[in-house]
Amino acid sequence: MLISVSLIALSVFWYPSNVIAWDVFGYYLYLPMAFIYGDLPLHNHQVVLDIIETYRSSSTFYQAFELPNGNWVMKYSVGMAILYLPAFVFGHAIALISDYPADGFSFPYQLGMFIEMVLVAIAGLWFLRKVLLRFFTDKVTALVLVSVFLGTNYLINITLVAAGTQTHNYLFLAYALILWLTIKWEEERKIKHIILLGLACGLAILSRPSEIVCLLIPLFWSVVSFTSLKDRIILLFSEWKQLLVFSLVIACVGSIQLIYWKYITGNWLHYSYVSSGEGSESGIAFNFWQPHLMEVLFSFRKGWFVYSPAMLLAFVGLIFGIRKKQAWSTSLILFFIFNLWIVSSWHCWWYAECFGQRSLVQSYPIMALGLGAILSLPKSKWFRAIAGLAVVATIVLNLFQSYQYERGVIDASRQTKKYYMASFFDTEPHAERDSLKLVRRDDWEQATLGNEDDYFVVEISNYTFEDGIDVKHILADSAFAKNGKYSGYLEGDFSFNQSTQFNYLTSGHYVWVRLSAYIYPLKPVDKHPITLVAETMHGNFSYMYQSLNSENLDLKVGEWNYVKMDYLSPEMRFRDDEFKTYIWNRGKNEMYLDDFKLEVLIPKFDPER
């Protein structure tokens with residue numbers, strides 16, 4: 001009860017003006033477009049843009065993408081929209097009988113989402129308590145709940161600025177239900193429990209497809225040895241009818257997404273999770289062969305065990321659960337391994353602006369059993385005292401770090417070890433420590449180099465053509481030259497490439513790359529445009545592209561023009577990814593090129609080196 005009251009109070013304290021914003025806007029958009037505007041394909045795109053303008057729901061409309069058939073497909077799966085439906089119905093009913101606009105986003109809808117968010121959080125903790133009481137004493141259960149609430153990033157990521165409307169709060173409840181319903185089915189074998197279990201698993205997967213790992217929990221429950229594994233297989237075969245019902249419920253829930261894709265795209269399956277800068281637009285959102293395990297667990301940027309220290313104790317408890325042959329031990333360890341592997345395989349492993357590893361908050365009902373196990377181990381008075389002190393220490397540390405995050409001392413995305421250590425006891429942010437953080441990339445396209453004296457300038461290449469040797473698709477010519485006797489003559493739609501691997505440029509976490517050249521166009525550039533391009537490639541896929549167009553430059557025909565572009569390296573997927581620069585002759589301008597130079601500006605101080 002005390003935790004529930006605290007949760008409500010904190011949510012109200014941090015209540016924002018708009019809870020239907022950013023990613024939540026994308027999850028939710030299905031509902032008003034289907035039930036109010038009758039335009040699920042978003043043909044009237046202006047309606048969405050007007051909503052964004054009115055309610056400041058997002059800086060850009062990244063939550064959906066236009067298809068060749070003219071329809072717009074939602075980036076996010078439909079699961080969260082289904083879970084938001086009660087809040088939407090509540091808000092719409094209030095809007096219809098009041099003076100608020102019945103547009104899906106006015107105050108009644110915001111209020112409905114906020115109330116549902118709090119109720120979901122309370123329900124998640126309530127069901128988790130029921131699960132814990134099946135294995136531990138009331139005292140241990142209470143200590144575990146307090147530790148999850150106050151000793152992890154649950155507190156910030158469920159309450160601060162209504163973060164509870166994100167997937168993690170709802171999935172926390174889903175996992176608590178999956179655990180509870182698995183226990184109930186194991187005990188009673190009732191069809192109602194298997195139906196509800198299938199519904200909980202189906203909605204979790206529909207909300208976030210990577211949650212398919214939740215199926216490991218009911219499938220491997222009670223497996224504690226090879227003999228029990230054999231018994232488990234026999235049991236599942238003997239209960240094939242209920243297993244079939246379980247599968248059909250999940251399939252029916254999943255079919256909602258398939259029907260939506262078929263209606264919008266014409267195909268039953270469609271990969272819609274595209275996102276600029278995350279790599280998913282190029283098909284490289286995940287790499288399961290090179291997961292960022294150490295960064296996810298221990299980095300000072302977003303390390304799970306650094307910013308949710310109680311989870312380190314919980315992990316140890318899961319291991320002890322195997323030794324004690326707890327009914328849940330194998331299934332939860334398997335879940336932990338596969339879930340962590342998937343989360344760590346995402347190229348954007350730091351998961352944007354958040355406190356710690358937001359992507360793991362929903363797994364806390366599983367981790368809570370591990371925490372309970374370590375607090376219930378030996379009956380030694382000394383061990384209980386040490387375990388209790390360790391839990392209290394994690395709570396104190398997390399509360400202080402949560403306060404630092406709320407005050408802006410802990411940065412939501414740019415933490416480094418050097419900054420963490422320097423600001424460990426700070427209660428207010430200090431501007432003089434900003435240089436110890438990762439480079440600012442929150443407005444990547446508008447980033448400026450700043451003071452060049454802070455960088456070492458290294459020339460990587462310089463094509464002067466003075467050797468008189470032709471380069472592929474470019475002819476050494478002496479008709480015009482900026483310096484020396486030769487320049488390069490271009491014609492047609494030639495793109496002149498220079499490329500190098502990122503690890504050849506720097507051992508640090510970022511560099512600036514400068515592309516410069518002298519260009520001598522023979523035709524008017526307004527009709528025959530030219531573009532300088534810099535991009536970072538993973539294989540054949542580009543995940544950060546920047547260009548400088550001649551339309552934005554004052555290029556003179558029949559004269560040598562100096563052009564320059566500075567490019568801030570993106571968050572690298574792999575250190576051997578390729579950095580590429582070239583001139584794209586879009587308008588097939590006949591022109592000469594000289595001193596085509598690639599330089600790297602390496603920071604003299606890099607907090608990651």
# chains A, B, ... in the order shown; residues from 1 in each chain; ligands from 1
call {"tool": "select_by_dssp", "arguments": {"residues": "segment 79-274 of chain A", "states": "alpha helix (DSSP H)", "output": "number ranges by chain"}}
result
A: 79-96, 107-133, 138-150, 154-159, 167-188, 191-207, 216-219, 226-238, 240-265
call {"tool": "closest_residue", "arguments": {"among": "A:Gln362, A:Asn398, A:Thr182, A:Ser487", "to": "Ile158 of chain A", "atoms": "only C-alpha atoms"}}
result
A:Gln362
call {"tool": "residues_around", "arguments": {"residues": "Ile183 of chain A", "least_positions_apart": "5", "cutoff": "9 Å", "atoms": "only C-alpha atoms", "output": "VMD selection string"}}
result
chain A and resid 131 134 178 188 218 221
call {"tool": "residues_around", "arguments": {"residues": "segment 369-373 of chain A", "least_positions_apart": "5", "cutoff": "7 Å", "atoms": "only C-alpha atoms", "output": "PyMOL selection string"}}
result
chain A and resi 132+136+140-141+144+313-315+317-318+321
call {"tool": "write_last_selection", "arguments": {"atoms": "C-alpha atoms", "output": "PDB file, in the first residue's frame"}}
result
ATOM      1  CA  LEU A 132       6.819 -13.587  -4.375  1.00  0.00           C
ATOM      2  CA  PHE A 136       9.269 -16.273   0.243  1.00  0.00           C
ATOM      3  CA  VAL A 140      11.418 -11.003   2.386  1.00  0.00           C
ATOM      4  CA  THR A 141       8.666 -10.156  -0.103  1.00  0.00           C
ATOM      5  CA  VAL A 144      12.205  -7.302  -2.420  1.00  0.00           C
ATOM      6  CA  LEU A 313      22.376  -9.106  -6.336  1.00  0.00           C
ATOM      7  CA  ALA A 314      19.307 -10.427  -8.159  1.00  0.00           C
ATOM      8  CA  PHE A 315      21.479 -12.051 -10.823  1.00  0.00           C
ATOM      9  CA  GLY A 317      20.199 -14.939  -6.609  1.00  0.00           C
ATOM     10  CA  LEU A 318      19.086 -16.509  -9.902  1.00  0.00           C
ATOM     11  CA  GLY A 321      18.072 -20.598  -7.402  1.00  0.00           C
TER      12      GLY A 321
END
call {"tool": "residues_around", "arguments": {"residues": "segment 228-236 of chain A", "least_positions_apart": "3", "cutoff": "12 Å", "atoms": "only C-alpha atoms", "output": "number ranges by chain"}}
result
A: 185-186, 189, 218-225, 239-244, 246, 325-327, 330-331
call {"tool": "select_by_dssp", "arguments": {"residues": "segment 476-554 of chain A", "states": "strand (DSSP E or B)", "output": "PyMOL selection string"}}
result
chain A and resi 476-477+487-490+495-501+512-521+531-538+541-549
call {"tool": "residues_around", "arguments": {"residues": "Ala81 of chain A", "least_positions_apart": "4", "cutoff": "7 Å", "atoms": "only C-alpha atoms", "output": "PyMOL selection string"}}
result
chain A and resi 27-28+30-31+85
call {"tool": "closest_residue", "arguments": {"among": "A:Phe300, A:Phe35, A:Phe336, A:Tyr405", "to": "Glu353 of chain A", "atoms": "only C-alpha atoms"}}
result
A:Tyr405
call {"tool": "residues_around", "arguments": {"residues": "segment 101-109 of chain A", "least_positions_apart": "4", "cutoff": "6 Å", "atoms": "only C-alpha atoms", "output": "NGL selection string"}}
result
:A and (32 or 88 or 91 or 95)
call {"tool": "write_last_selection", "arguments": {"atoms": "N, CA and C atoms", "output": "short mmCIF file (atom, residue, chain, number, x, y, z; two decimals), in the first residue's frame"}}
result
data_model
loop_
_atom_site.label_atom_id
_atom_site.label_comp_id
_atom_site.auth_asym_id
_atom_site.auth_seq_id
_atom_site.Cartn_x
_atom_site.Cartn_y
_atom_site.Cartn_z
N PRO A 32 -6.90 6.96 -32.40
CA PRO A 32 -7.67 8.08 -32.97
C PRO A 32 -7.82 7.98 -34.49
N PHE A 88 -8.23 5.37 -23.88
CA PHE A 88 -8.79 6.11 -25.02
C PHE A 88 -10.31 6.21 -24.90
N GLY A 91 -11.18 8.70 -22.17
CA GLY A 91 -10.95 10.07 -22.61
C GLY A 91 -11.97 10.53 -23.64
N ALA A 95 -14.56 13.64 -23.33
CA ALA A 95 -14.49 14.71 -24.33
C ALA A 95 -15.85 14.96 -24.98
#
call {"tool": "atom_distance", "arguments": {"atom1": "atom CA of Gln404 of chain A", "atom2": "atom CA of His430 of chain A"}}
result
11.8 Å
call {"tool": "atom_distance", "arguments": {"atom1": "atom CA of Phe135 of chain A", "atom2": "atom CA of Ile319 of chain A"}}
result
15.9 Å
call {"tool": "closest_residue", "arguments": {"among": "A:Ser247, A:Ser542, A:Asn561, A:Ser57", "to": "Asp577 of chain A", "atoms": "only C-alpha atoms"}}
result
A:Ser542
call {"tool": "atom_distance", "arguments": {"atom1": "atom CA of Lys139 of chain A", "atom2": "atom CA of Ala368 of chain A"}}
result
13.9 Å
call {"tool": "decode", "arguments": {"residues": "segment 152-242 of chain A", "atoms": "C-alpha atoms", "output": "PDB file, in the first residue's frame"}}
result
ATOM      1  CA  THR A 152      16.540   0.168  -9.450  1.00  0.00           C
ATOM      2  CA  ASN A 153      15.778   2.515 -12.323  1.00  0.00           C
ATOM      3  CA  TYR A 154      12.137   1.378 -12.101  1.00  0.00           C
ATOM      4  CA  LEU A 155      11.443   4.461  -9.993  1.00  0.00           C
ATOM      5  CA  ILE A 156      12.611   6.936 -12.652  1.00  0.00           C
ATOM      6  CA  ASN A 157      11.473   5.057 -15.749  1.00  0.00           C
ATOM      7  CA  ILE A 158       7.933   4.460 -14.483  1.00  0.00           C
ATOM      8  CA  THR A 159       7.243   7.836 -12.853  1.00  0.00           C
ATOM      9  CA  LEU A 160       9.425  10.643 -14.201  1.00  0.00           C
ATOM     10  CA  VAL A 161       7.561  12.724 -16.828  1.00  0.00           C
ATOM     11  CA  ALA A 162       4.956   9.947 -17.157  1.00  0.00           C
ATOM     12  CA  ALA A 163       7.448   7.409 -18.476  1.00  0.00           C
ATOM     13  CA  GLY A 164       4.935   4.809 -17.305  1.00  0.00           C
ATOM     14  CA  THR A 165       3.022   5.284 -20.548  1.00  0.00           C
ATOM     15  CA  GLN A 166       5.978   3.627 -22.306  1.00  0.00           C
ATOM     16  CA  THR A 167       6.037  -0.104 -22.996  1.00  0.00           C
ATOM     17  CA  HIS A 168       8.105  -0.970 -19.922  1.00  0.00           C
ATOM     18  CA  ASN A 169       5.395  -0.307 -17.341  1.00  0.00           C
ATOM     19  CA  TYR A 170       2.836  -2.402 -19.228  1.00  0.00           C
ATOM     20  CA  LEU A 171       5.312  -5.206 -19.870  1.00  0.00           C
ATOM     21  CA  PHE A 172       6.256  -5.215 -16.182  1.00  0.00           C
ATOM     22  CA  LEU A 173       2.613  -6.067 -15.471  1.00  0.00           C
ATOM     23  CA  ALA A 174       2.597  -8.614 -18.310  1.00  0.00           C
ATOM     24  CA  TYR A 175       5.580 -10.464 -16.826  1.00  0.00           C
ATOM     25  CA  ALA A 176       4.108 -10.422 -13.337  1.00  0.00           C
ATOM     26  CA  LEU A 177       0.939 -11.934 -14.826  1.00  0.00           C
ATOM     27  CA  ILE A 178       2.908 -14.501 -16.836  1.00  0.00           C
ATOM     28  CA  LEU A 179       4.638 -15.656 -13.657  1.00  0.00           C
ATOM     29  CA  TRP A 180       1.394 -15.757 -11.671  1.00  0.00           C
ATOM     30  CA  LEU A 181      -0.619 -17.546 -14.357  1.00  0.00           C
ATOM     31  CA  THR A 182       2.179 -20.052 -14.935  1.00  0.00           C
ATOM     32  CA  ILE A 183       2.101 -20.882 -11.223  1.00  0.00           C
ATOM     33  CA  LYS A 184      -1.695 -21.188 -11.251  1.00  0.00           C
ATOM     34  CA  TRP A 185      -1.694 -23.455 -14.301  1.00  0.00           C
ATOM     35  CA  GLU A 186       1.018 -25.651 -12.792  1.00  0.00           C
ATOM     36  CA  GLU A 187      -1.129 -26.088  -9.711  1.00  0.00           C
ATOM     37  CA  GLU A 188      -4.604 -26.470 -11.194  1.00  0.00           C
ATOM     38  CA  ARG A 189      -4.287 -27.171 -14.981  1.00  0.00           C
ATOM     39  CA  LYS A 190      -7.414 -25.113 -15.630  1.00  0.00           C
ATOM     40  CA  ILE A 191      -8.247 -23.942 -19.147  1.00  0.00           C
ATOM     41  CA  LYS A 192      -8.985 -20.400 -17.947  1.00  0.00           C
ATOM     42  CA  HIS A 193      -5.408 -20.038 -16.739  1.00  0.00           C
ATOM     43  CA  ILE A 194      -3.912 -21.236 -20.019  1.00  0.00           C
ATOM     44  CA  ILE A 195      -6.150 -18.848 -21.976  1.00  0.00           C
ATOM     45  CA  LEU A 196      -5.156 -15.897 -19.795  1.00  0.00           C
ATOM     46  CA  LEU A 197      -1.511 -16.967 -19.981  1.00  0.00           C
ATOM     47  CA  GLY A 198      -1.699 -17.058 -23.773  1.00  0.00           C
ATOM     48  CA  LEU A 199      -3.331 -13.618 -23.759  1.00  0.00           C
ATOM     49  CA  ALA A 200      -0.607 -12.158 -21.509  1.00  0.00           C
ATOM     50  CA  CYS A 201       2.186 -13.651 -23.630  1.00  0.00           C
ATOM     51  CA  GLY A 202       0.473 -12.644 -26.881  1.00  0.00           C
ATOM     52  CA  LEU A 203      -0.005  -9.021 -25.852  1.00  0.00           C
ATOM     53  CA  ALA A 204       3.583  -8.800 -24.579  1.00  0.00           C
ATOM     54  CA  ILE A 205       4.896 -10.056 -27.922  1.00  0.00           C
ATOM     55  CA  LEU A 206       2.490  -7.870 -29.894  1.00  0.00           C
ATOM     56  CA  SER A 207       3.642  -4.840 -27.921  1.00  0.00           C
ATOM     57  CA  ARG A 208       7.314  -5.574 -28.436  1.00  0.00           C
ATOM     58  CA  PRO A 209       8.194  -8.552 -30.667  1.00  0.00           C
ATOM     59  CA  SER A 210      11.484  -9.219 -28.869  1.00  0.00           C
ATOM     60  CA  GLU A 211       9.405 -10.241 -25.840  1.00  0.00           C
ATOM     61  CA  ILE A 212       8.907 -13.610 -27.524  1.00  0.00           C
ATOM     62  CA  VAL A 213      11.455 -14.730 -24.911  1.00  0.00           C
ATOM     63  CA  CYS A 214       8.564 -14.687 -22.408  1.00  0.00           C
ATOM     64  CA  LEU A 215       7.533 -18.121 -23.762  1.00  0.00           C
ATOM     65  CA  LEU A 216      10.581 -19.633 -22.075  1.00  0.00           C
ATOM     66  CA  ILE A 217       8.964 -19.073 -18.669  1.00  0.00           C
ATOM     67  CA  PRO A 218       5.916 -21.364 -18.997  1.00  0.00           C
ATOM     68  CA  LEU A 219       7.719 -23.842 -21.256  1.00  0.00           C
ATOM     69  CA  PHE A 220      10.610 -24.561 -18.879  1.00  0.00           C
ATOM     70  CA  TRP A 221       8.890 -24.042 -15.529  1.00  0.00           C
ATOM     71  CA  SER A 222       9.713 -26.793 -13.011  1.00  0.00           C
ATOM     72  CA  VAL A 223      12.714 -27.959 -15.053  1.00  0.00           C
ATOM     73  CA  VAL A 224      15.582 -28.361 -12.574  1.00  0.00           C
ATOM     74  CA  SER A 225      17.387 -31.409 -14.021  1.00  0.00           C
ATOM     75  CA  PHE A 226      17.533 -33.618 -17.104  1.00  0.00           C
ATOM     76  CA  THR A 227      14.981 -35.919 -15.498  1.00  0.00           C
ATOM     77  CA  SER A 228      12.578 -33.052 -14.866  1.00  0.00           C
ATOM     78  CA  LEU A 229      13.133 -31.870 -18.438  1.00  0.00           C
ATOM     79  CA  LYS A 230      11.943 -35.274 -19.647  1.00  0.00           C
ATOM     80  CA  ASP A 231       8.968 -35.054 -17.281  1.00  0.00           C
ATOM     81  CA  ARG A 232       8.217 -31.577 -18.619  1.00  0.00           C
ATOM     82  CA  ILE A 233       8.128 -32.766 -22.212  1.00  0.00           C
ATOM     83  CA  ILE A 234       5.832 -35.652 -21.239  1.00  0.00           C
ATOM     84  CA  LEU A 235       3.542 -33.240 -19.381  1.00  0.00           C
ATOM     85  CA  LEU A 236       3.274 -30.829 -22.308  1.00  0.00           C
ATOM     86  CA  PHE A 237       2.452 -33.681 -24.664  1.00  0.00           C
ATOM     87  CA  SER A 238      -0.155 -35.041 -22.276  1.00  0.00           C
ATOM     88  CA  GLU A 239      -1.733 -31.589 -22.054  1.00  0.00           C
ATOM     89  CA  TRP A 240      -1.602 -31.079 -25.821  1.00  0.00           C
ATOM     90  CA  LYS A 241      -5.143 -29.744 -25.958  1.00  0.00           C
ATOM     91  CA  GLN A 242      -4.362 -26.944 -23.524  1.00  0.00           C
TER      92      GLN A 242
END
